[in-house]
Amino acid sequence: MEEKIRLIKENLNRQSPLPIFYQLAQELGRVISSGLIKPGERLPGELYLARILEVNYRTVQKALLHLQSQGLVRKIPYRGTFVQRNMATTQTVGFFYPAEAVNMLVKAEHIHRTLATVGHDLKINSYQG
């Protein structure tokens with residue numbers, strides 16, 4: 001795992017206008033997406049990552065929160081941060097309804113909650129009919 005982290009360190013550009021946390025999140029995401037870090041695998045601790053990458057641990061925390069918001073990793077209290085197993089299985093479905101049909105929005109929200117339980121996302125959009 002340490003060699004994978006060192007690859008990430010080489011790609012961080014402190015002269016870039018992009019914040020380091022964002023660069024770190026992008027690099028970690030790239031490593032995860034490429035399969036170098038497998039789904040279900042535990043990432044090293046934040047303090048360890050900060051030491052190896054030579055950044056503040058708050059930078060690591062912010063990068064991991066960004067990855068968590070994207071659904072690539074999952075933080076489990078007292079256990080660590082893990083690569084999501086089902087990150088590639090999320091599918092998006094579109095639902096369009098006439099703006100004047102408010103009852104359709106209630107139905108769409110119910111469908112959205114149901115689909116979310118099986119790893120799907122529903123984008124709800126209204127249109128003028």
# chains A, B, ... in the order shown; residues from 1 in each chain; ligands from 1
$ residues_around --residues "region 13-30 of chain A" --least-positions-apart "3" --cutoff "7 Å" --atoms "only C-alpha atoms" --output "tab-separated table (two decimals) with all heavy atoms, in the first residue's frame"
chain	number	residue	atom	x	y	z
A	8	ILE	N	0.96	8.61	-5.42
A	8	ILE	CA	0.07	9.75	-5.26
A	8	ILE	C	0.88	10.99	-4.90
A	8	ILE	O	0.66	12.08	-5.45
A	8	ILE	CB	-1.00	9.46	-4.18
A	8	ILE	CG1	-1.97	8.39	-4.69
A	8	ILE	CG2	-1.75	10.72	-3.79
A	8	ILE	CD1	-2.91	7.86	-3.65
A	33	SER	N	-10.24	4.08	-8.84
A	33	SER	CA	-10.93	3.75	-10.09
A	33	SER	C	-10.11	2.82	-10.98
A	33	SER	O	-10.68	2.00	-11.71
A	33	SER	CB	-11.26	5.02	-10.87
A	33	SER	OG	-12.14	5.82	-10.13
A	34	SER	N	-8.80	2.93	-10.91
A	34	SER	CA	-7.94	2.08	-11.73
A	34	SER	C	-7.83	0.66	-11.17
A	34	SER	O	-7.33	-0.23	-11.85
A	34	SER	CB	-6.54	2.68	-11.86
A	34	SER	OG	-5.86	2.60	-10.62
A	59	THR	N	-5.81	18.14	5.70
A	59	THR	CA	-5.86	18.06	4.24
A	59	THR	C	-6.33	16.67	3.83
A	59	THR	O	-7.16	16.53	2.93
A	59	THR	CB	-4.47	18.37	3.64
A	59	THR	OG1	-4.08	19.68	4.05
A	59	THR	CG2	-4.48	18.28	2.13
A	60	VAL	N	-5.81	15.65	4.49
A	60	VAL	CA	-6.21	14.27	4.21
A	60	VAL	C	-7.68	14.08	4.56
A	60	VAL	O	-8.45	13.50	3.79
A	60	VAL	CB	-5.32	13.27	4.98
A	60	VAL	CG1	-5.84	11.85	4.80
A	60	VAL	CG2	-3.87	13.38	4.53
A	62	LYS	N	-10.06	16.30	4.61
A	62	LYS	CA	-10.88	17.00	3.64
A	62	LYS	C	-10.95	16.22	2.32
A	62	LYS	O	-12.01	16.13	1.70
A	62	LYS	CB	-10.32	18.40	3.41
A	62	LYS	CG	-11.29	19.39	2.90
A	62	LYS	CD	-10.71	20.80	2.99
A	62	LYS	CE	-11.70	21.80	2.47
A	62	LYS	NZ	-11.20	23.16	2.51
A	63	ALA	N	-9.83	15.65	1.90
A	63	ALA	CA	-9.81	14.85	0.67
A	63	ALA	C	-10.71	13.61	0.81
A	63	ALA	O	-11.46	13.27	-0.10
A	63	ALA	CB	-8.39	14.44	0.33
A	64	LEU	N	-10.64	12.95	1.97
A	64	LEU	CA	-11.45	11.76	2.18
A	64	LEU	C	-12.94	12.11	2.26
A	64	LEU	O	-13.78	11.34	1.78
A	64	LEU	CB	-10.99	11.02	3.44
A	64	LEU	CG	-9.61	10.37	3.35
A	64	LEU	CD1	-9.20	9.75	4.68
A	64	LEU	CD2	-9.55	9.35	2.23
A	66	HIS	N	-14.30	14.52	0.64
A	66	HIS	CA	-14.68	14.75	-0.76
A	66	HIS	C	-14.95	13.42	-1.48
A	66	HIS	O	-15.94	13.29	-2.19
A	66	HIS	CB	-13.56	15.54	-1.46
A	66	HIS	CG	-13.87	15.92	-2.86
A	66	HIS	ND1	-14.77	16.92	-3.18
A	66	HIS	CD2	-13.43	15.43	-4.04
A	66	HIS	CE1	-14.86	17.03	-4.48
A	66	HIS	NE2	-14.05	16.13	-5.04
A	67	LEU	N	-14.07	12.45	-1.26
A	67	LEU	CA	-14.26	11.13	-1.88
A	67	LEU	C	-15.51	10.44	-1.34
A	67	LEU	O	-16.21	9.74	-2.06
A	67	LEU	CB	-13.03	10.25	-1.65
A	67	LEU	CG	-11.78	10.67	-2.41
A	67	LEU	CD1	-10.61	9.79	-2.00
A	67	LEU	CD2	-12.00	10.60	-3.90
$ select_by_dssp --residues "region 46-116 of chain A" --states "strand (DSSP E)" --output "MDAnalysis selection string"
chainID A and resid 73:76 80:83 91:98
$ residues_around --residues "Val102 (chain A)" --least-positions-apart "6" --cutoff "12 Å" --atoms "only C-alpha atoms" --output "VMD selection string"
chain A and resid 96 108 to 109 125 to 127
$ atom_distance --atom1 "CA of Leu122 (chain A)" --atom2 "CA of Ala101 (chain A)"
17.9 Å
$ select_by_dssp --residues "chain A" --states "helix (DSSP H, G or I)" --output "ChimeraX atom specification"
/A:2-10,20-34,46-53,57-69,102-116
